[in-house]
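Peer 1: Just so it is clear, I am handing over protein.cif, which has mmCIF, C-alpha atoms and all ligand atoms.
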```cif
data_data
#
loop_
_atom_site.label_atom_id
_atom_site.label_comp_id
_atom_site.auth_asym_id
_atom_site.auth_seq_id
_atom_site.Cartn_x
_atom_site.Cartn_y
_atom_site.Cartn_z
CA MET O 1 0.00 0.00 0.00
CA ASP O 2 1.49 3.35 -0.96
CA ASP O 3 1.44 6.57 1.08
CA LYS O 4 -1.49 7.93 -0.91
CA GLN O 5 -3.65 4.93 0.07
CA LYS O 6 -2.54 5.19 3.70
CA ARG O 7 -3.63 8.83 3.83
CA LYS O 8 -6.94 7.89 2.21
CA ILE O 9 -7.83 5.23 4.78
CA LYS O 10 -7.49 7.70 7.64
CA PHE O 11 -10.06 9.91 6.06
CA ASN O 12 -13.82 9.70 6.55
CA ARG O 13 -15.32 11.72 3.70
CA ARG O 14 -18.80 12.04 5.22
CA LYS O 15 -17.49 13.36 8.53
CA PHE O 16 -15.08 15.66 6.75
CA LEU O 17 -17.93 17.18 4.71
CA LYS O 18 -19.92 17.56 7.93
CA SER O 19 -17.03 19.45 9.51
CA VAL O 20 -16.61 21.66 6.47
CA GLY O 21 -20.36 22.38 6.55
CA ALA O 22 -20.29 23.23 10.25
CA THR O 23 -17.29 25.47 9.82
CA THR O 24 -18.91 27.27 6.88
CA ILE O 25 -22.08 27.90 8.90
CA GLY O 26 -19.96 29.12 11.83
CA THR O 27 -18.06 31.49 9.58
CA ILE O 28 -21.25 32.83 7.97
CA LEU O 29 -22.77 33.44 11.41
CA GLY O 30 -19.61 35.04 12.71
CA PHE O 31 -18.83 37.04 9.57
CA PRO O 32 -21.01 40.13 10.27
CA SER O 33 -19.37 40.68 13.64
CA ILE O 34 -15.89 40.15 12.14
CA LEU O 35 -16.80 42.73 9.50
CA LYS O 36 -18.03 45.19 12.11
CA TYR O 37 -14.82 44.90 14.07
CA ALA O 38 -12.75 45.13 10.91
CA ARG O 39 -14.61 48.32 9.90
CA GLY O 40 -14.19 49.68 13.36
CA GLU O 41 -17.93 50.29 13.74
CA ARG O 42 -17.61 49.78 17.45
CA MET O 43 -14.56 51.97 17.60
CA PHE O 44 -16.16 54.39 19.96
CA SER O 45 -17.82 51.83 22.19
CA ARG O 46 -14.82 49.48 22.67
CA PRO O 47 -11.12 50.18 22.96
CA VAL O 48 -8.87 49.01 20.09
CA PHE O 49 -7.16 46.27 22.08
CA LYS O 50 -10.58 44.88 23.09
CA ARG O 51 -11.73 44.76 19.47
CA PHE O 52 -8.53 43.05 18.47
CA PHE O 53 -8.88 40.56 21.34
CA LEU O 54 -12.47 39.67 20.38
CA LEU O 55 -11.52 39.18 16.73
CA LEU O 56 -8.61 36.97 17.74
CA ALA O 57 -10.83 34.96 20.11
CA GLU O 58 -13.33 34.36 17.31
CA LEU O 59 -10.62 33.15 14.93
CA VAL O 60 -9.08 30.84 17.58
CA LEU O 61 -12.52 29.43 18.37
CA SER O 62 -13.20 28.69 14.68
CA PHE O 63 -9.81 27.02 14.40
CA LEU O 64 -10.52 24.83 17.45
CA VAL O 65 -13.92 23.79 16.04
CA VAL O 66 -12.26 22.71 12.77
CA CYS O 67 -9.55 20.81 14.68
CA ALA O 68 -12.13 19.05 16.86
CA PHE O 69 -14.13 17.87 13.84
CA LEU O 70 -11.06 16.76 11.93
CA THR O 71 -9.79 14.87 14.99
CA GLU O 72 -13.14 13.10 15.19
CA CYS O 73 -12.89 12.20 11.47
CA ILE O 74 -9.56 10.53 12.04
CA ALA O 75 -10.12 9.04 15.50
CA GLN O 76 -13.25 7.07 14.54
CA GLN O 77 -11.40 5.04 11.93
CA PRO O 78 -9.62 1.99 13.30
CA SER O 79 -5.92 2.05 12.52
CA ILE O 80 -4.35 -0.64 10.34
CA GLN O 81 -2.68 -2.07 13.42
CA GLN O 82 -6.03 -2.31 15.24
CA LEU O 83 -7.57 -4.06 12.23
CA LYS O 84 -4.66 -6.52 12.11
CA ASP O 85 -5.06 -7.29 15.82
CA LYS O 86 -8.78 -7.83 15.29
CA LEU O 87 -8.12 -10.11 12.32
CA ILE O 88 -5.89 -12.35 14.45
CA MET O 89 -8.54 -12.39 17.19
CA ALA O 90 -11.23 -13.28 14.62
CA ASN O 91 -9.07 -16.16 13.39
CA LYS O 92 -8.66 -17.40 16.96
CA ILE O 93 -12.44 -17.29 17.51
CA LEU O 94 -13.21 -19.22 14.30
CA ASP O 95 -10.64 -21.81 15.36
CA ALA O 96 -11.86 -22.03 18.97
CA GLU O 97 -15.43 -22.64 17.80
CA GLY O 98 -14.35 -25.28 15.29
CA LEU O 99 -15.62 -23.25 12.34
CA ALA O 100 -12.34 -23.26 10.43
CA LYS O 101 -10.39 -26.14 11.86
CA PRO O 102 -8.13 -26.06 9.94
CA LEU O 103 -9.78 -24.78 6.73
CA GLY O 104 -11.49 -21.44 6.37
CA HIS O 105 -10.65 -17.74 6.34
CA ILE O 106 -11.82 -14.29 7.29
CA SER O 107 -10.93 -10.85 5.95
CA VAL O 108 -11.59 -7.21 6.79
CA ARG O 109 -11.88 -4.28 4.40
CA ILE O 110 -9.48 -1.38 4.95
CA PRO O 111 -12.09 1.38 5.52
CA ASN O 112 -12.97 3.55 2.53
CA THR O 113 -10.69 1.62 0.18
CA GLU O 114 -10.94 -1.23 -2.31
CA THR O 115 -8.32 -3.20 -0.41
CA PHE O 116 -8.64 -5.71 2.41
CA LEU O 117 -6.59 -7.63 4.97
CA ILE O 118 -6.41 -11.42 4.98
CA THR O 119 -3.74 -13.88 6.10
CA ARG O 120 -1.55 -16.02 3.89
CA ASN O 121 -2.87 -19.55 3.35
CA VAL O 122 -2.42 -20.91 6.87
CA ALA O 123 -4.92 -22.45 9.28
CA PRO O 124 -6.67 -19.58 11.13
CA GLY O 125 -5.69 -21.06 14.50
CA MET O 126 -1.98 -20.68 13.79
CA SER O 127 -2.01 -17.24 12.13
CA VAL O 128 0.16 -14.41 13.47
CA LEU O 129 0.52 -10.72 12.59
CA ASP O 130 3.32 -11.41 10.10
CA ASP O 131 0.94 -13.62 8.09
CA ILE O 132 -1.37 -10.71 7.29
CA LEU O 133 -1.37 -9.47 3.70
CA VAL O 134 -3.09 -6.62 1.87
CA CYS O 135 -5.10 -7.64 -1.21
CA ASN O 136 -6.62 -5.46 -3.90
CA ILE O 137 -10.18 -5.72 -5.19
CA ASP O 138 -9.16 -8.48 -7.63
CA GLY O 139 -7.82 -10.60 -4.76
CA LYS O 140 -4.18 -9.99 -5.66
CA VAL O 141 -1.64 -9.66 -2.86
CA ILE O 142 -0.21 -6.13 -3.03
CA GLU O 143 1.58 -5.92 0.32
CA GLY O 144 2.97 -8.29 2.95
CA LYS O 145 5.74 -10.76 3.67
CA TYR O 146 4.17 -13.50 1.56
CA SER O 147 3.00 -13.52 -2.03
CA ARG O 148 0.14 -16.04 -1.74
CA THR O 149 -3.12 -16.16 0.11
CA PHE O 150 -6.05 -18.62 -0.12
CA SER O 151 -7.20 -19.77 -3.56
CA GLU O 152 -10.76 -18.96 -2.46
CA VAL O 153 -9.79 -15.30 -1.93
CA VAL O 154 -12.24 -14.41 -4.75
CA ILE O 155 -15.09 -14.98 -2.29
CA HIS O 156 -13.81 -11.93 -0.40
CA SER O 157 -12.77 -9.74 -3.33
CA GLU O 158 -16.01 -10.24 -5.29
CA ILE O 159 -18.20 -9.47 -2.28
CA TYR O 160 -16.21 -6.30 -1.47
CA LYS O 161 -16.48 -5.31 -5.13
CA LYS O 162 -20.27 -5.76 -5.33
CA ARG O 163 -21.30 -4.72 -1.82
CA LYS O 164 -19.75 -1.47 -0.57
CA ASP O 165 -21.67 -1.83 2.71
CA ILE O 166 -19.82 -5.00 3.68
CA GLN O 167 -16.69 -4.55 5.76
CA SER O 168 -15.79 -8.14 6.57
CA VAL O 169 -16.25 -11.57 4.94
CA ALA O 170 -15.72 -15.07 6.37
CA HIS O 171 -15.72 -18.49 4.79
CA THR O 172 -16.22 -21.34 7.27
CA HIS O 173 -16.49 -25.12 7.15
CA SER O 174 -19.15 -25.13 9.80
CA LEU O 175 -20.17 -28.70 10.76
CA HIS O 176 -23.93 -28.42 11.32
CA VAL O 177 -24.35 -25.93 8.47
CA ILE O 178 -22.76 -28.47 6.14
CA ALA O 179 -25.05 -31.21 7.52
CA LEU O 180 -28.19 -29.15 6.74
CA SER O 181 -26.89 -28.13 3.31
CA MET O 182 -26.41 -31.80 2.41
CA THR O 183 -30.20 -32.20 2.48
CA GLU O 184 -30.69 -28.82 0.80
CA THR O 185 -32.50 -27.61 3.93
CA PRO O 186 -32.11 -23.86 4.41
CA ILE O 187 -31.61 -22.39 7.86
CA LEU O 188 -34.98 -20.96 8.88
CA PRO O 189 -35.72 -17.88 11.01
CA ALA O 190 -36.84 -20.03 13.91
CA SER O 191 -34.31 -19.04 16.60
CA PHE O 192 -32.88 -15.75 17.88
CA GLU O 193 -29.53 -16.81 16.43
CA ALA O 194 -31.05 -17.25 12.97
CA ILE O 195 -32.89 -13.92 13.12
CA GLU O 196 -29.61 -12.08 13.61
CA LEU O 197 -28.52 -13.41 10.22
CA GLY O 198 -31.32 -11.60 8.42
CA PRO O 199 -34.93 -12.19 7.48
CA GLY O 200 -34.04 -15.65 6.09
CA PRO O 201 -34.33 -18.38 5.00
CA ILE O 202 -30.56 -18.60 4.40
CA ALA O 203 -30.02 -19.49 0.74
CA ILE O 204 -27.94 -22.48 -0.40
CA TYR O 205 -25.38 -22.28 -3.20
CA LYS O 206 -25.93 -25.65 -4.83
CA LYS O 207 -23.13 -25.77 -7.41
CA ILE O 208 -20.54 -28.17 -6.12
CA ALA O 209 -17.21 -26.49 -6.74
CA PHE O 210 -14.05 -25.19 -5.22
CA ILE O 211 -14.76 -21.44 -5.20
CA ASP O 212 -11.78 -19.97 -7.03
CA LYS O 213 -13.50 -18.17 -9.92
CA PRO O 214 -14.93 -14.65 -9.67
CA GLU O 215 -18.16 -15.73 -11.44
CA GLN O 216 -18.88 -18.31 -8.73
CA ALA O 217 -18.16 -15.80 -5.95
CA SER O 218 -20.39 -13.28 -7.69
CA GLU O 219 -23.28 -15.78 -7.72
CA ILE O 220 -22.78 -16.40 -4.00
CA CYS O 221 -22.84 -12.65 -3.37
CA ASP O 222 -26.15 -12.37 -5.26
CA LEU O 223 -27.64 -15.13 -3.08
CA LEU O 224 -26.97 -13.08 0.05
CA GLY O 225 -29.85 -10.69 -0.63
CA PRO O 226 -30.90 -9.09 2.66
CA ASN O 227 -29.32 -11.94 4.67
CA LYS O 228 -25.82 -12.05 6.10
CA ALA O 229 -24.93 -15.61 5.13
CA VAL O 230 -25.12 -18.17 2.34
CA MET O 231 -24.78 -21.93 2.81
CA LEU O 232 -22.52 -23.81 0.38
CA LYS O 233 -23.87 -27.29 -0.33
CA GLY O 234 -21.73 -29.99 1.29
CA HIS O 235 -18.97 -27.43 1.82
CA GLY O 236 -19.62 -24.69 4.42
CA ALA O 237 -20.78 -21.11 4.50
CA VAL O 238 -20.02 -17.52 3.59
CA ILE O 239 -20.82 -14.90 6.22
CA VAL O 240 -20.68 -11.11 5.91
CA GLY O 241 -21.06 -8.13 8.22
CA LYS O 242 -20.58 -4.42 8.69
CA SER O 243 -17.57 -5.05 10.95
CA ILE O 244 -15.12 -7.86 11.61
CA GLU O 245 -16.67 -8.32 15.05
CA GLU O 246 -20.12 -8.85 13.55
CA THR O 247 -18.94 -11.23 10.81
CA THR O 248 -16.96 -13.35 13.28
CA ILE O 249 -19.74 -13.71 15.81
CA LEU O 250 -22.38 -14.25 13.10
CA SER O 251 -20.24 -17.12 11.78
CA TYR O 252 -20.71 -18.77 15.18
CA LYS O 253 -24.41 -17.83 15.35
CA LEU O 254 -24.97 -19.46 11.96
CA GLU O 255 -23.46 -22.67 13.30
CA LEU O 256 -25.65 -22.40 16.45
CA ALA O 257 -28.77 -21.78 14.36
CA ALA O 258 -28.01 -24.85 12.23
CA ARG O 259 -27.37 -26.99 15.31
CA LEU O 260 -30.60 -25.84 16.96
CA GLN O 261 -32.58 -26.50 13.79
CA LEU O 262 -31.18 -30.02 13.52
CA LEU O 263 -32.01 -30.70 17.18
CA ALA O 264 -35.53 -29.32 16.78
CA ALA O 265 -36.11 -31.27 13.55
CA SER O 266 -35.38 -34.48 15.42
CA ILE O 267 -38.36 -33.73 17.68
CA GLY O 268 -40.89 -32.31 15.25
CA LYS O 269 -41.73 -29.85 12.53
CA ILE O 270 -39.86 -26.53 12.59
CA ALA O 271 -42.11 -23.53 13.22
CA PRO O 272 -40.36 -20.40 11.89
CA PHE O 273 -41.19 -17.08 13.58
CA THR O 274 -44.02 -15.16 11.95
CA GLU O 275 -43.46 -11.56 10.79
CA ASP O 276 -45.37 -10.34 13.88
CA GLU O 277 -43.16 -12.44 16.16
CA LYS O 278 -39.99 -11.20 14.48
CA LYS O 279 -40.94 -7.53 14.73
CA PRO O 280 -40.21 -6.89 18.46
CA ILE O 281 -36.98 -8.90 18.25
CA ASN O 282 -35.77 -6.87 15.27
CA GLU O 283 -36.78 -3.64 17.03
CA PHE O 284 -34.77 -4.68 20.06
CA LEU O 285 -31.73 -5.53 17.89
CA GLU O 286 -31.96 -2.13 16.16
CA ALA O 287 -32.24 -0.32 19.49
CA VAL O 288 -29.14 -1.97 21.01
CA GLU O 289 -27.23 -1.32 17.78
CA LYS O 290 -27.83 2.40 18.29
CA ARG O 291 -26.43 2.21 21.80
CA GLY O 292 -23.03 1.13 20.47
CA VAL O 293 -21.16 -2.01 19.51
CA THR O 294 -20.62 -3.27 23.07
CA SER O 295 -24.39 -3.25 23.64
CA THR O 296 -25.02 -5.60 20.72
CA SER O 297 -24.97 -9.35 21.15
CA TYR O 298 -22.02 -9.66 18.76
CA GLY O 299 -20.13 -6.84 20.54
CA ARG O 300 -20.59 -8.48 23.91
CA ALA O 301 -19.60 -11.88 22.51
CA TRP O 302 -16.46 -10.31 20.97
CA LEU O 303 -15.48 -8.90 24.39
CA TYR O 304 -16.03 -12.32 25.94
CA TYR O 305 -13.74 -14.02 23.41
CA GLN O 306 -11.13 -11.27 23.82
CA HIS O 307 -11.16 -12.07 27.53
CA VAL O 308 -10.88 -15.85 27.26
CA LEU O 309 -8.63 -16.15 24.20
CA LYS O 310 -6.00 -13.47 24.88
ZN ZN E 1 -13.92 -23.90 1.47
#
```
Render the structure in this file as structure tokens.
Ligand SMILES: [Zn+2]

Peer 2:
Amino acid sequence: MDDKQKRKIKFNRRKFLKSVGATTIGTILGFPSILKYARGERMFSRPVFKRFFLLLAELVLSFLVVCAFLTECIAQQPSIQQLKDKLIMANKILDAEGLAKPLGHISVRIPNTETFLITRNVAPGMSVLDDILVCNIDGKVIEGKYSRTFSEVVIHSEIYKKRKDIQSVAHTHSLHVIALSMTETPILPASFEAIELGPGPIAIYKKIAFIDKPEQASEICDLLGPNKAVMLKGHGAVIVGKSIEETTILSYKLELAARLQLLAASIGKIAPFTEDEKKPINEFLEAVEKRGVTSTSYGRAWLYYQHVLK
């Protein structure tokens, strides 16, 4: 990654425009008084040094407002180092939960870029910081100590290419998900775990193939729809999210949802939640999302894993 890209990733365009807007409004509001002082209209009511002091105070205040907004723009973006640390933690979680033992992978988009972080082709459970590579939107390694990553890297690159809202992608070989996919049974919205993965049912990619061609990955991406996962028949799953924390924990929730569905199916017919039943649950999930990541179920789960896997 060159210097230009590094500068770009620290920059949040929306927040920057907000700060420029706020500063412009502040200047417009303050301009008449600046003009008055400059013209000396209050020359007789205030001494010169007082006028100069007020003008200076106004300029300093404007400068501080701009600085505060720009600091916020930069501070809210995770640094590359933080993303790398999170990627290693995500790999540890997938390994600990048996979702990628030893095959599978997870990646995270470098914010506001068409590049992403993924490890070289090692088992997630043994990955270290030095294994992390930067790939471009075609899945080519452009930075890192190694030249090769997973052959299935196209799953990640194609999804990032087609879905700008997605910040992290995982591919797991999740046991109970595979079991359900073998009977072409989709995961139904019949548990809280399943509901977190979207309105459902979770679609199944039925072409039996090793996913190393962009066209295949593109078809998988299209199957996502409003959901956050796709099952791969007899193979595993692809999970996506708006953060690496969400994608990692949803990978585990998908496995839980599949396990619960299999258990329930051994007792009787599955009764998916109705739209009316789903409504309060979805409202609750939206409300906790607004409170911040640590309030969400995936945020709390991430903290738990950070505690037990450090
Ligand atoms: Zn695979």

Peer 1: Rounded to one decimal in Å, what is the spacing between atom CA of Lys164 of chain O and atom CA of Ser191 of chain O?

Peer 2: 28.6 Å

Peer 1: Between O:Pro78, O:Gly198, O:Gly299, O:Gly104, which has the minimum distance to ligand ZN 1 (chain E) (counting only C-alpha atoms and all ligand atoms)?

Peer 2: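 The shortest atom-to-atom distance to ligand ZN 1 (chain E) comes from O:Gly104.
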
Peer 1: Mind listing as a ChimeraX atom specification all residues within 12 Å of (-42.8, -21.2, 15.4), counting all atoms listed in the file?

Peer 2: /O:188-192,261,264,268-278

Peer 1: By how many Å are atom CA of Phe210 of chain O and atom CA of Val153 of chain O apart?

Peer 2: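 We find that atom CA of Phe210 of chain O and atom CA of Val153 of chain O lie 11.3 Å from each other.
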
Peer 1: Dump as a Markdown table the rows for residues of chain O within 10 Å of ligand ZN 1 (chain E): closest atom pair and distance in Å with one decimal, all atoms listed in the file counted, ordered by chain and rising residue number.

Peer 2:
```
| residue | atom | partner | partner_atom | distance |
| --- | --- | --- | --- | --- |
| O:Ala100 | CA | E:ZN1 | ZN | 9.1 |
| O:Leu103 | CA | E:ZN1 | ZN | 6.8 |
| O:Gly104 | CA | E:ZN1 | ZN | 6.0 |
| O:His105 | CA | E:ZN1 | ZN | 8.5 |
| O:Phe150 | CA | E:ZN1 | ZN | 9.6 |
| O:Ser151 | CA | E:ZN1 | ZN | 9.4 |
| O:Glu152 | CA | E:ZN1 | ZN | 7.1 |
| O:Ile155 | CA | E:ZN1 | ZN | 9.8 |
| O:His171 | CA | E:ZN1 | ZN | 6.6 |
| O:Thr172 | CA | E:ZN1 | ZN | 6.7 |
| O:His173 | CA | E:ZN1 | ZN | 6.4 |
| O:Ser174 | CA | E:ZN1 | ZN | 9.9 |
| O:Ala209 | CA | E:ZN1 | ZN | 9.2 |
| O:Phe210 | CA | E:ZN1 | ZN | 6.8 |
| O:Ile211 | CA | E:ZN1 | ZN | 7.2 |
| O:Asp212 | CA | E:ZN1 | ZN | 9.6 |
| O:Leu232 | CA | E:ZN1 | ZN | 8.7 |
| O:Gly234 | CA | E:ZN1 | ZN | 9.9 |
| O:His235 | CA | E:ZN1 | ZN | 6.2 |
| O:Gly236 | CA | E:ZN1 | ZN | 6.5 |
| O:Ala237 | CA | E:ZN1 | ZN | 8.0 |
| O:Val238 | CA | E:ZN1 | ZN | 9.1 |
```

Peer 1: How many Å lie between atom CA of Ala170 of chain O and atom CA of Leu129 of chain O, rounded to one decimal?

Peer 2: 17.9 Å

Peer 1: Show me as a PyMOL selection string the residues that reach within 7 Å of (-21.5, -27.2, 15.2), counting only C-alpha atoms and using the file's own coordinates.

Peer 2: chain O and resi 174-176+255-256+259

Peer 1: What's the 9 Å shell around Leu262 of chain O, counting all atoms listed in the file, without same-chain residues fewer than 4 positions away, as an NGL selection string?

Peer 2: :O and (176 or 179-180 or 257-258 or 266)

Peer 1: Using all atoms listed in the file, which of the listed residues (O:Leu87, O:Val141, O:Val128, O:Val60) sits closest to Thr247 of chain O?

Peer 2: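 The closest residue to Thr247 of chain O is O:Leu87.
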